[in-house]
$ cat input-v7.txt   # compact mmCIF, C-alpha atoms
# COMPACT_ATOMS: atom_id res chain seq x y z
CA MET B 864 74.31 -37.99 78.15
CA THR B 865 71.28 -38.97 76.12
CA LYS B 866 70.20 -42.56 76.60
CA VAL B 867 68.37 -44.73 74.11
CA MET B 868 65.61 -46.65 75.84
CA THR B 869 62.58 -48.74 75.11
CA GLU B 870 59.53 -49.01 77.33
CA ALA B 871 56.37 -51.09 77.05
CA SER B 872 53.72 -52.93 78.98
CA MET B 873 54.51 -56.62 78.58
CA SER B 874 52.60 -59.77 79.51
CA LEU B 875 54.24 -62.37 81.70
CA ASP B 876 54.85 -64.42 78.56
CA GLY B 877 56.67 -61.60 76.79
CA TYR B 878 54.05 -60.01 74.52
CA VAL B 879 53.40 -56.28 74.09
CA SER B 880 50.23 -57.02 72.13
CA GLY B 881 47.99 -60.03 71.69
CA PRO B 882 47.03 -61.26 68.20
CA ASP B 883 45.56 -58.55 65.93
CA PHE B 884 46.16 -55.74 68.44
CA SER B 885 44.15 -57.51 71.15
CA GLY B 886 44.92 -57.66 74.85
CA PHE B 887 45.39 -53.94 75.48
CA ASP B 888 42.44 -53.93 77.88
CA LEU B 889 44.53 -56.27 80.06
CA LEU B 890 48.00 -54.85 79.38
CA PHE B 891 46.93 -51.28 80.14
CA GLN B 892 44.78 -51.86 83.24
CA TRP B 893 47.46 -50.18 85.36
CA TYR B 894 46.79 -46.89 83.58
CA GLU B 895 43.42 -46.69 85.32
CA ARG B 896 43.95 -48.25 88.73
CA GLY B 897 44.79 -45.26 90.90
CA ASP B 898 43.76 -41.86 92.13
CA VAL B 899 46.44 -39.71 90.49
CA VAL B 900 44.90 -38.08 87.43
CA VAL B 901 47.46 -37.62 84.67
CA GLU B 902 46.54 -35.59 81.61
CA THR B 903 48.22 -36.28 78.29
CA ALA B 904 48.57 -34.22 75.13
CA ASP B 905 45.53 -36.10 73.85
CA PRO B 906 42.48 -34.50 75.53
CA GLU B 907 40.62 -37.78 75.24
CA LEU B 908 43.36 -39.74 76.99
CA THR B 909 43.62 -39.31 80.75
CA PHE B 910 45.32 -41.80 83.06
CA ARG B 911 44.41 -42.60 86.65
CA LEU B 912 47.59 -43.96 88.15
CA THR B 913 48.64 -45.24 91.54
CA GLU B 914 51.22 -43.11 93.36
CA VAL B 915 53.94 -45.58 92.43
CA SER B 916 53.01 -45.72 88.74
CA SER B 917 52.58 -41.95 88.64
CA THR B 918 56.10 -41.41 89.94
CA TYR B 919 57.43 -43.90 87.40
CA TRP B 920 55.46 -42.31 84.56
CA HIS B 921 56.38 -38.72 85.34
CA ARG B 922 60.06 -39.58 85.51
CA LEU B 923 59.81 -41.32 82.14
CA ILE B 924 58.00 -38.37 80.57
CA ALA B 925 60.41 -35.82 82.06
CA GLU B 926 63.39 -37.67 80.62
CA THR B 927 61.96 -38.35 77.17
CA GLY B 928 62.96 -35.99 74.36
CA ALA B 929 61.93 -37.89 71.25
CA LEU B 930 60.39 -41.18 70.15
CA VAL B 931 61.22 -43.61 67.38
CA VAL B 932 58.27 -45.67 66.16
CA GLY B 933 57.63 -48.21 63.43
CA ARG B 934 55.11 -48.15 60.65
CA THR B 935 52.76 -50.78 62.06
CA LEU B 936 52.06 -48.79 65.22
CA PHE B 937 52.00 -45.49 63.34
CA ASP B 938 49.35 -46.75 60.94
CA HIS B 939 47.33 -48.43 63.70
CA VAL B 940 47.01 -45.18 65.67
CA GLU B 941 46.79 -43.05 62.49
CA GLY B 942 49.84 -41.04 63.47
CA TRP B 943 48.21 -39.96 66.74
CA GLY B 944 46.52 -37.24 64.70
CA GLY B 945 49.86 -35.42 64.46
CA ARG B 946 50.48 -35.09 68.21
CA HIS B 947 51.77 -37.91 70.35
CA PRO B 948 50.20 -38.21 73.84
CA MET B 949 53.68 -37.66 75.33
CA ASP B 950 53.88 -34.39 73.35
CA VAL B 951 57.39 -34.98 72.01
CA PRO B 952 58.79 -35.20 68.47
CA VAL B 953 58.32 -38.52 66.73
CA VAL B 954 60.65 -40.19 64.25
CA LEU B 955 58.92 -42.73 62.03
CA LEU B 956 61.20 -45.40 60.59
CA SER B 957 59.53 -46.68 57.44
CA HIS B 958 60.42 -47.79 53.93
CA SER B 959 58.00 -45.21 52.51
CA VAL B 960 56.47 -41.87 53.53
CA PRO B 961 52.81 -42.30 54.51
CA ASP B 962 50.25 -40.39 52.43
CA GLY B 963 49.66 -36.92 53.83
CA TRP B 964 52.97 -36.80 55.75
CA PRO B 965 54.99 -34.93 56.85
CA ARG B 966 52.55 -32.28 58.09
CA ALA B 967 53.53 -28.68 58.81
CA ASP B 968 51.64 -28.75 62.12
CA ALA B 969 53.17 -31.96 63.44
CA PRO B 970 56.71 -32.55 64.82
CA PHE B 971 56.97 -35.84 62.97
CA HIS B 972 59.98 -36.90 60.91
CA VAL B 973 60.04 -39.79 58.48
CA VAL B 974 63.28 -41.71 58.00
CA THR B 975 63.18 -43.94 54.93
CA GLU B 976 66.90 -44.62 54.48
CA GLY B 977 69.78 -45.37 56.81
CA GLY B 978 67.82 -47.74 58.98
CA ILE B 979 67.67 -47.70 62.77
CA GLU B 980 71.05 -45.95 63.00
CA ARG B 981 69.75 -42.95 61.05
CA ALA B 982 66.41 -42.92 62.91
CA VAL B 983 68.15 -42.91 66.30
CA ALA B 984 70.59 -40.20 65.13
CA VAL B 985 67.70 -37.97 64.04
CA ALA B 986 65.88 -38.62 67.31
CA ARG B 987 69.02 -37.78 69.31
CA GLU B 988 69.20 -34.41 67.59
CA LEU B 989 65.57 -33.74 68.43
CA ALA B 990 65.89 -34.96 72.02
CA GLY B 991 68.68 -32.57 72.99
CA ASP B 992 69.86 -33.59 76.44
CA LYS B 993 66.88 -35.88 77.03
CA ASN B 994 66.45 -39.53 76.18
CA VAL B 995 65.31 -41.23 73.01
CA VAL B 996 62.56 -43.78 73.60
CA LEU B 997 61.99 -46.55 71.09
CA ASN B 998 58.85 -48.42 70.25
CA SER B 999 59.02 -52.05 71.41
CA GLY B 1000 58.93 -54.87 68.85
CA THR B 1001 60.93 -54.58 65.64
CA ILE B 1002 62.26 -51.06 66.33
CA ALA B 1003 63.70 -51.96 69.74
CA THR B 1004 65.01 -55.23 68.35
CA GLN B 1005 66.84 -53.47 65.51
CA ALA B 1006 68.40 -51.07 68.01
CA LEU B 1007 69.41 -53.97 70.25
CA GLU B 1008 71.07 -55.72 67.32
CA ALA B 1009 72.83 -52.50 66.26
CA GLY B 1010 74.27 -52.01 69.73
CA LEU B 1011 72.33 -48.78 70.21
CA LEU B 1012 69.98 -49.71 73.06
CA ASP B 1013 71.01 -48.56 76.54
CA GLU B 1014 68.02 -49.40 78.73
CA VAL B 1015 64.90 -51.52 78.71
CA CYS B 1016 61.87 -50.56 80.81
CA VAL B 1017 59.43 -53.40 81.20
CA ASP B 1018 56.03 -52.78 82.72
CA LEU B 1019 55.38 -56.42 83.60
CA VAL B 1020 51.68 -57.26 83.66
CA PRO B 1021 50.29 -60.41 85.32
CA VAL B 1022 48.54 -61.82 82.28
CA ILE B 1023 49.34 -64.64 79.88
CA LEU B 1024 48.42 -63.63 76.33
CA GLY B 1025 49.62 -66.84 74.70
CA ALA B 1026 50.49 -65.25 71.35
CA GLY B 1027 50.96 -61.88 69.68
CA THR B 1028 53.79 -59.39 69.22
CA PRO B 1029 56.83 -60.02 71.45
CA PHE B 1030 58.71 -57.16 73.14
CA PHE B 1031 61.76 -58.35 71.20
CA THR B 1032 61.27 -60.16 67.91
CA THR B 1033 63.88 -62.90 67.51
CA PRO B 1034 66.98 -60.69 67.69
CA ALA B 1035 70.02 -61.87 65.77
CA ASN B 1036 73.12 -62.60 67.84
CA ALA B 1037 71.05 -63.48 70.91
CA PRO B 1038 71.50 -64.12 73.77
CA TYR B 1039 71.90 -60.61 75.15
CA THR B 1040 72.67 -60.02 78.81
CA LEU B 1041 71.23 -57.13 80.80
CA ASP B 1042 72.07 -55.67 84.19
CA GLY B 1043 69.45 -55.10 86.79
CA PRO B 1044 66.71 -54.56 87.51
CA LEU B 1045 68.16 -51.12 88.27
CA SER B 1046 64.82 -50.35 89.89
CA ILE B 1047 61.63 -52.22 90.80
CA ALA B 1048 58.38 -50.39 91.48
CA GLU B 1049 55.19 -52.25 92.27
CA GLY B 1050 52.00 -50.62 91.00
CA ASP B 1051 48.54 -52.13 90.72
CA ARG B 1052 48.46 -54.80 88.00
CA VAL B 1053 52.00 -53.90 86.97
CA THR B 1054 55.60 -54.24 88.10
CA HIS B 1055 57.88 -51.55 86.67
CA LEU B 1056 61.33 -52.98 85.95
CA ARG B 1057 64.30 -51.12 84.49
CA TYR B 1058 67.34 -52.86 83.00
CA ARG B 1059 70.61 -51.80 81.34
CA VAL B 1060 71.81 -53.65 78.25
CA ARG B 1061 75.29 -55.11 78.57
CA TYR B 1062 77.19 -55.28 75.28
CA GLY B 1063 80.52 -56.89 74.49
CA GLU B 1064 80.52 -59.38 77.33
CA ARG B 1065 78.17 -61.93 78.75
CA MET V 646 45.37 -77.46 101.08
CA THR V 647 47.73 -78.73 98.44
CA LYS V 648 48.52 -76.22 95.72
CA VAL V 649 49.52 -76.96 92.15
CA MET V 650 52.37 -74.72 91.11
CA THR V 651 54.94 -74.27 88.43
CA GLU V 652 58.35 -72.72 88.87
CA ALA V 653 61.14 -71.95 86.44
CA SER V 654 63.95 -69.58 85.60
CA MET V 655 62.71 -67.48 82.69
CA SER V 656 64.43 -64.99 80.41
CA LEU V 657 63.04 -61.48 80.07
CA ASP V 658 61.55 -62.54 76.76
CA GLY V 659 59.70 -65.50 78.25
CA TYR V 660 61.91 -68.51 77.54
CA VAL V 661 62.85 -71.27 80.02
CA SER V 662 65.42 -72.64 77.58
CA GLY V 663 67.17 -71.32 74.51
CA PRO V 664 67.21 -73.32 71.27
CA ASP V 665 68.44 -76.92 71.65
CA PHE V 666 68.70 -76.71 75.46
CA SER V 667 71.04 -73.71 75.28
CA GLY V 668 71.10 -70.70 77.56
CA PHE V 669 71.16 -72.51 80.90
CA ASP V 670 74.54 -70.96 81.71
CA LEU V 671 72.75 -67.60 81.66
CA LEU V 672 69.38 -68.66 83.12
CA PHE V 673 70.97 -70.43 86.08
CA GLN V 674 73.66 -67.91 87.03
CA TRP V 675 71.69 -67.04 90.17
CA TYR V 676 72.30 -70.55 91.50
CA GLU V 677 75.98 -69.69 91.96
CA ARG V 678 76.03 -66.02 92.92
CA GLY V 679 76.00 -66.13 96.70
CA ASP V 680 77.62 -67.47 99.84
CA VAL V 681 74.89 -69.79 101.08
CA VAL V 682 75.88 -73.34 100.17
CA VAL V 683 72.85 -75.49 99.43
CA GLU V 684 73.31 -79.21 98.97
CA THR V 685 70.90 -81.16 96.79
CA ALA V 686 70.08 -84.86 96.55
CA ASP V 687 72.55 -84.98 93.68
CA PRO V 688 76.04 -85.02 95.25
CA GLU V 689 77.45 -83.37 92.13
CA LEU V 690 74.96 -80.50 92.29
CA THR V 691 75.56 -77.84 94.93
CA PHE V 692 74.16 -74.32 94.78
CA ARG V 693 75.73 -71.14 96.12
CA LEU V 694 72.83 -68.79 96.67
CA THR V 695 72.41 -65.27 97.94
CA GLU V 696 70.51 -64.95 101.24
CA VAL V 697 67.41 -63.84 99.37
CA SER V 698 67.50 -66.66 96.85
CA SER V 699 68.30 -69.17 99.59
CA THR V 700 65.20 -68.15 101.55
CA TYR V 701 63.11 -68.40 98.40
CA TRP V 702 64.58 -71.76 97.50
CA HIS V 703 64.24 -73.35 100.93
CA ARG V 704 60.61 -72.31 101.16
CA LEU V 705 59.93 -73.81 97.74
CA ILE V 706 61.66 -77.07 98.69
CA ALA V 707 59.92 -77.29 102.06
CA GLU V 708 56.51 -76.92 100.43
CA THR V 709 57.08 -79.28 97.51
CA GLY V 710 55.74 -82.83 97.86
CA ALA V 711 55.88 -84.13 94.30
CA LEU V 712 56.79 -83.08 90.78
CA VAL V 713 55.13 -83.59 87.42
CA VAL V 714 57.51 -83.53 84.47
CA GLY V 715 57.26 -84.10 80.73
CA ARG V 716 59.12 -86.53 78.56
CA THR V 717 61.43 -84.03 76.87
CA LEU V 718 63.00 -82.93 80.14
CA PHE V 719 63.00 -86.46 81.54
CA ASP V 720 64.92 -87.78 78.56
CA HIS V 721 67.29 -84.82 78.49
CA VAL V 722 68.37 -85.38 82.10
CA GLU V 723 68.15 -89.18 81.78
CA GLY V 724 65.60 -89.38 84.58
CA TRP V 725 68.01 -87.74 87.02
CA GLY V 726 69.50 -91.19 87.52
CA GLY V 727 66.41 -92.16 89.50
CA ARG V 728 66.63 -89.45 92.13
CA HIS V 729 65.54 -85.87 91.53
CA PRO V 730 67.79 -83.17 93.07
CA MET V 731 64.79 -82.00 95.14
CA ASP V 732 64.50 -85.56 96.52
CA VAL V 733 60.76 -85.85 96.02
CA PRO V 734 58.59 -88.29 94.03
CA VAL V 735 58.35 -87.59 90.32
CA VAL V 736 55.37 -88.21 88.05
CA LEU V 737 56.29 -88.50 84.39
CA LEU V 738 53.48 -87.69 81.97
CA SER V 739 54.30 -89.47 78.73
CA HIS V 740 52.56 -91.38 75.96
CA SER V 741 54.87 -94.35 76.56
CA VAL V 742 56.92 -95.82 79.39
CA PRO V 743 60.65 -95.18 78.86
CA ASP V 744 62.89 -98.25 78.53
CA GLY V 745 64.15 -99.40 81.90
CA TRP V 746 61.37 -97.69 83.86
CA PRO V 747 59.84 -97.83 86.40
CA ARG V 748 62.75 -98.78 88.66
CA ALA V 749 62.34 -100.37 92.08
CA ASP V 750 64.90 -97.98 93.61
CA ALA V 751 63.33 -94.80 92.27
CA PRO V 752 60.14 -92.98 93.41
CA PHE V 753 59.13 -92.31 89.83
CA HIS V 754 55.64 -92.92 88.44
CA VAL V 755 54.76 -92.97 84.76
CA VAL V 756 51.30 -91.78 83.70
CA THR V 757 50.50 -92.76 80.11
CA GLU V 758 46.73 -92.27 80.13
CA GLY V 759 44.34 -89.73 81.57
CA GLY V 760 46.48 -86.75 80.63
CA ILE V 761 47.43 -83.90 82.90
CA GLU V 762 44.39 -84.47 85.13
CA ARG V 763 45.55 -87.99 85.98
CA ALA V 764 49.19 -86.93 86.40
CA VAL V 765 48.24 -84.16 88.82
CA ALA V 766 45.91 -86.51 90.73
CA VAL V 767 48.71 -89.05 91.17
CA ALA V 768 51.11 -86.31 92.24
CA ARG V 769 48.60 -84.97 94.77
CA GLU V 770 48.41 -88.41 96.37
CA LEU V 771 52.18 -88.57 96.60
CA ALA V 772 52.53 -85.00 97.88
CA GLY V 773 50.27 -85.46 100.89
CA ASP V 774 49.76 -82.03 102.44
CA LYS V 775 52.54 -80.46 100.40
CA ASN V 776 52.39 -78.84 96.96
CA VAL V 777 52.62 -80.34 93.52
CA VAL V 778 55.15 -78.56 91.32
CA LEU V 779 54.87 -78.80 87.55
CA ASN V 780 57.53 -78.59 84.92
CA SER V 781 57.24 -75.41 82.87
CA GLY V 782 56.48 -75.59 79.15
CA THR V 783 53.88 -78.04 77.88
CA ILE V 784 53.11 -79.59 81.29
CA ALA V 785 52.35 -76.25 82.96
CA THR V 786 50.43 -75.13 79.90
CA GLN V 787 48.24 -78.24 79.94
CA ALA V 788 47.50 -77.66 83.63
CA LEU V 789 46.71 -74.00 82.96
CA GLU V 790 44.29 -74.99 80.22
CA ALA V 791 42.68 -77.66 82.42
CA GLY V 792 42.07 -75.14 85.20
CA LEU V 793 44.41 -77.01 87.55
CA LEU V 794 47.20 -74.47 88.05
CA ASP V 795 47.08 -72.40 91.24
CA GLU V 796 50.37 -70.51 91.26
CA VAL V 797 53.18 -69.51 88.93
CA CYS V 798 56.66 -68.82 90.29
CA VAL V 799 58.83 -66.99 87.80
CA ASP V 800 62.53 -66.55 88.45
CA LEU V 801 62.98 -63.65 86.04
CA VAL V 802 66.49 -63.46 84.63
CA PRO V 803 67.88 -60.34 82.91
CA VAL V 804 68.76 -61.98 79.63
CA ILE V 805 67.16 -61.96 76.17
CA LEU V 806 67.40 -65.42 74.63
CA GLY V 807 65.53 -64.53 71.43
CA ALA V 808 64.13 -68.03 70.83
CA GLY V 809 63.65 -71.38 72.52
CA THR V 810 61.07 -73.01 74.77
CA PRO V 811 58.54 -70.58 76.29
CA PHE V 812 57.39 -70.89 79.92
CA PHE V 813 53.89 -71.32 78.51
CA THR V 814 53.47 -72.75 75.03
CA THR V 815 50.55 -71.05 73.24
CA PRO V 816 47.82 -72.00 75.71
CA ALA V 817 44.32 -72.42 74.33
CA ASN V 818 41.68 -70.04 75.68
CA ALA V 819 44.26 -67.32 76.39
CA PRO V 820 44.37 -64.69 77.72
CA TYR V 821 44.65 -65.81 81.33
CA THR V 822 44.77 -63.28 84.14
CA LEU V 823 46.90 -63.71 87.25
CA ASP V 824 46.98 -61.93 90.59
CA GLY V 825 50.15 -60.57 92.02
CA PRO V 826 53.01 -60.63 92.28
CA LEU V 827 52.14 -62.06 95.69
CA SER V 828 55.81 -61.65 96.51
CA ILE V 829 58.89 -60.11 94.96
CA ALA V 830 62.39 -61.08 96.06
CA GLU V 831 65.46 -59.63 94.41
CA GLY V 832 68.46 -61.96 94.22
CA ASP V 833 71.61 -61.57 92.15
CA ARG V 834 70.81 -62.00 88.43
CA VAL V 835 67.24 -63.01 89.28
CA THR V 836 63.96 -61.53 90.47
CA HIS V 837 61.73 -64.10 92.18
CA LEU V 838 58.06 -63.38 91.40
CA ARG V 839 55.06 -65.36 92.59
CA TYR V 840 51.60 -65.10 91.01
CA ARG V 841 48.18 -66.70 91.53
CA VAL V 842 46.15 -67.80 88.53
CA ARG V 843 42.68 -66.27 88.35
CA TYR V 844 40.11 -68.50 86.66
CA GLY V 845 36.56 -67.71 85.63
CA GLU V 846 36.94 -63.95 85.39
CA ARG V 847 39.31 -61.53 83.75
$ encode --input "input-v7.txt" --output "structure tokens"
Amino acid sequence: MTKVMTEASMSLDGYVSGPDFSGFDLLFQWYERGDVVVETADPELTFRLTEVSSTYWHRLIAETGALVVGRTLFDHVEGWGGRHPMDVPVVLLSHSVPDGWPRADAPFHVVTEGGIERAVAVARELAGDKNVVLNSGTIATQALEAGLLDEVCVDLVPVILGAGTPFFTTPANAPYTLDGPLSIAEGDRVTHLRYRVRYGER
Amino acid sequence: MTKVMTEASMSLDGYVSGPDFSGFDLLFQWYERGDVVVETADPELTFRLTEVSSTYWHRLIAETGALVVGRTLFDHVEGWGGRHPMDVPVVLLSHSVPDGWPRADAPFHVVTEGGIERAVAVARELAGDKNVVLNSGTIATQALEAGLLDEVCVDLVPVILGAGTPFFTTPANAPYTLDGPLSIAEGDRVTHLRYRVRYGER
């Protein structure tokens, strides 16, 4: 059964980015703290992970069939040049289609109507029997509010950013209760935590 | 050597309280999820902890010599009736002395001038060779900014509160880098994490 998940590196105070896309040097230190070389679909992006983080990462990659991302991230990374580092199809949820998209050479799909429900449905189709992974921030929050989010993977980083973009952005109908952590894995400058969202009861 | 620490139950999205002092039923579930009965100085407040949380809690209590709290919490709990559940001296940092305080029967000290530096200095005197523990929120944030905070103990609770009072309230000069977790202990509906603050370098 396909699961809908969200995963992000998060500061101890709950931010996945500092102000104006700052703080990534601190949030992503764990991607370069080990001896396990991990190539990505982006030839310029290679990770050096600890054994623990490598195991965590490879499991995540192996289980991921499609991504849903928001417009802010998409624009910031310029659509990853048409190929996401995880090398899976990407569904962009946006009010408008970006100039130059969709591209024949890129497995990117733009959903402009139907909201998060439609975006997740499209991503499920693309993912087959694998999982759908959602961008943190507004996308994950919309899925949480819509009752569509099964799991939350937090890569908890020992840094206090003080401000920025929260993992979840003021979800309506909070509080939400989760179960877990289902697993804890301690890397270097990161603690990998996995939770299941509990709906319908507190 | 006396350490200056802060400890609190925190939601996955970084809040130590929901809006208007809500959410404590969720944040404090771990205080009643086990078989180890723990009495406090407040006869009406008894915890039922798991073995793991009991070990964590007893170590914290044994090492704590004094507390520094802010006015919001002090007023909300009505000064704990003059005796804190941890049964240690309390330093209140406040711009004014509350009506009816100080009381001859209560080991409470009000610091109205000299800010967090003075409050911590007074608490250090009272704590002897034990630690000073700071209230989360503005008090811990002021200590962080003043370079006075040695350790951060986060009792991470699998709940998303969505809004409320953050553990750290927009500290100036962020980001701050921490080391750790120095320890991880998994209770029931809580993960106890302990970090050391790193000053002077990122």
$ interface_residues --input "input-v7.txt" --of "chain B" --to "chain V" --cutoff "7 Å" --atoms "only C-alpha atoms" --output "ChimeraX atom specification"
/B:876-877,1021-1026,1031,1033-1034,1037-1043
$ write_last_selection --input "input-v7.txt" --atoms "C-alpha atoms" --output "CSV table (one decimal), in the frame of the given file"
chain,number,residue,atom,x,y,z
B,876,ASP,CA,54.8,-64.4,78.6
B,877,GLY,CA,56.7,-61.6,76.8
B,1021,PRO,CA,50.3,-60.4,85.3
B,1022,VAL,CA,48.5,-61.8,82.3
B,1023,ILE,CA,49.3,-64.6,79.9
B,1024,LEU,CA,48.4,-63.6,76.3
B,1025,GLY,CA,49.6,-66.8,74.7
B,1026,ALA,CA,50.5,-65.2,71.4
B,1031,PHE,CA,61.8,-58.4,71.2
B,1033,THR,CA,63.9,-62.9,67.5
B,1034,PRO,CA,67.0,-60.7,67.7
B,1037,ALA,CA,71.0,-63.5,70.9
B,1038,PRO,CA,71.5,-64.1,73.8
B,1039,TYR,CA,71.9,-60.6,75.2
B,1040,THR,CA,72.7,-60.0,78.8
B,1041,LEU,CA,71.2,-57.1,80.8
B,1042,ASP,CA,72.1,-55.7,84.2
B,1043,GLY,CA,69.4,-55.1,86.8
$ atom_distance --input "input-v7.txt" --atom1 "CA of Met868 in chain B" --atom2 "CA of Asn994 in chain B"
7.2 Å
$ residues_around --input "input-v7.txt" --residues "Arg922 in chain B" --least-positions-apart "6" --cutoff "12 Å" --atoms "all atoms listed in the file" --output "MDAnalysis selection string"
chainID B and resid 915:916 993:994
$ residues_near_point --input "input-v7.txt" --point "(62.4, -69.4, 88.4)" --cutoff "6 Å" --atoms "all atoms listed in the file" --output "count of residues only"
5
$ atom_distance --input "input-v7.txt" --atom1 "CA of Ala766 in chain V" --atom2 "CA of Glu796 in chain V"
16.6 Å
$ closest_residue --input "input-v7.txt" --among "B:Glu941, B:Asp883, B:Glu895, B:Glu976" --to "Ser957 in chain B" --atoms "only C-alpha atoms"
B:Glu976
$ residues_near_point --input "input-v7.txt" --point "(50.7, -45.6, 94.0)" --cutoff "9 Å" --atoms "all atoms listed in the file" --output "PyMOL selection string"
chain B and resi 896-899+912-918+1049-1051
$ write_last_selection --input "input-v7.txt" --atoms "C-alpha atoms" --output "short mmCIF file (atom, residue, chain, number, x, y, z; two decimals), in the coordinates of the input"
data_model
loop_
_atom_site.label_atom_id
_atom_site.label_comp_id
_atom_site.auth_asym_id
_atom_site.auth_seq_id
_atom_site.Cartn_x
_atom_site.Cartn_y
_atom_site.Cartn_z
CA ARG B 896 43.95 -48.25 88.73
CA GLY B 897 44.79 -45.26 90.90
CA ASP B 898 43.76 -41.86 92.13
CA VAL B 899 46.44 -39.71 90.49
CA LEU B 912 47.59 -43.96 88.15
CA THR B 913 48.64 -45.24 91.54
CA GLU B 914 51.22 -43.11 93.36
CA VAL B 915 53.94 -45.58 92.43
CA SER B 916 53.01 -45.72 88.74
CA SER B 917 52.58 -41.95 88.64
CA THR B 918 56.10 -41.41 89.94
CA GLU B 1049 55.19 -52.25 92.27
CA GLY B 1050 52.00 -50.62 91.00
CA ASP B 1051 48.54 -52.13 90.72
#
$ closest_residue --input "input-v7.txt" --among "V:Ile784, V:Ala707, V:Val797, V:Val661" --to "Phe673 in chain V" --atoms "all atoms listed in the file"
V:Val661
$ closest_residue --input "input-v7.txt" --among "V:Val756, V:Met731, V:Ala711, V:Ala788" --to "Glu770 in chain V" --atoms "only C-alpha atoms"
V:Ala711
$ residues_around --input "input-v7.txt" --residues "Val973 in chain B" --least-positions-apart "4" --cutoff "8 Å" --atoms "all atoms listed in the file" --output "VMD selection string"
chain B and resid 954 to 957 960 965
$ residues_around --input "input-v7.txt" --residues "Thr647 in chain V" --least-positions-apart "6" --cutoff "10 Å" --atoms "all atoms listed in the file" --output "list of chain:residue names"
V:Glu708, V:Thr709, V:Gly710, V:Arg769, V:Glu770, V:Ala772, V:Gly773, V:Asp774, V:Lys775, V:Asn776, V:Val777, V:Asp795
$ residues_around --input "input-v7.txt" --residues "Pro730 in chain V" --least-positions-apart "3" --cutoff "6 Å" --atoms "only C-alpha atoms" --output "PyMOL selection string"
chain V and resi 685-687
$ residues_around --input "input-v7.txt" --residues "Gly726 in chain V" --least-positions-apart "5" --cutoff "12 Å" --atoms "only C-alpha atoms" --output "PyMOL selection string"
chain V and resi 686-688+719-721+732+745-748+750-753
$ decode --input "input-v7.txt" --residues "range 791-795 of chain V" --atoms "all heavy atoms" --output "JSON list (two decimals), in the first residue's frame"
[["chain", "number", "residue", "atom", "x", "y", "z"],
["V", 791, "ALA", "N", 22.73, 35.65, 25.88],
["V", 791, "ALA", "CA", 23.78, 36.20, 26.76],
["V", 791, "ALA", "C", 24.98, 35.26, 26.88],
["V", 791, "ALA", "O", 25.94, 35.56, 27.59],
["V", 791, "ALA", "CB", 23.19, 36.48, 28.15],
["V", 792, "GLY", "N", 24.92, 34.12, 26.19],
["V", 792, "GLY", "CA", 26.04, 33.19, 26.25],
["V", 792, "GLY", "C", 26.12, 32.42, 27.55],
["V", 792, "GLY", "O", 27.18, 31.92, 27.93],
["V", 793, "LEU", "N", 25.00, 32.31, 28.26],
["V", 793, "LEU", "CA", 24.99, 31.69, 29.59],
["V", 793, "LEU", "C", 24.45, 30.27, 29.60],
["V", 793, "LEU", "O", 24.50, 29.61, 30.63],
["V", 793, "LEU", "CB", 24.12, 32.54, 30.54],
["V", 793, "LEU", "CG", 24.64, 33.93, 30.88],
["V", 793, "LEU", "CD1", 23.57, 34.71, 31.64],
["V", 793, "LEU", "CD2", 25.91, 33.82, 31.72],
["V", 794, "LEU", "N", 23.92, 29.80, 28.49],
["V", 794, "LEU", "CA", 23.21, 28.52, 28.49],
["V", 794, "LEU", "C", 24.15, 27.39, 28.08],
["V", 794, "LEU", "O", 24.74, 27.41, 27.00],
["V", 794, "LEU", "CB", 22.03, 28.60, 27.51],
["V", 794, "LEU", "CG", 21.04, 27.44, 27.52],
["V", 794, "LEU", "CD1", 20.35, 27.31, 28.87],
["V", 794, "LEU", "CD2", 20.00, 27.64, 26.42],
["V", 795, "ASP", "N", 24.30, 26.40, 28.95],
["V", 795, "ASP", "CA", 25.21, 25.29, 28.67],
["V", 795, "ASP", "C", 24.51, 24.13, 27.97],
["V", 795, "ASP", "O", 25.04, 23.55, 27.04],
["V", 795, "ASP", "CB", 25.83, 24.76, 29.98],
["V", 795, "ASP", "CG", 26.68, 25.81, 30.65],
["V", 795, "ASP", "OD1", 27.55, 26.40, 29.98],
["V", 795, "ASP", "OD2", 26.46, 26.07, 31.86]]
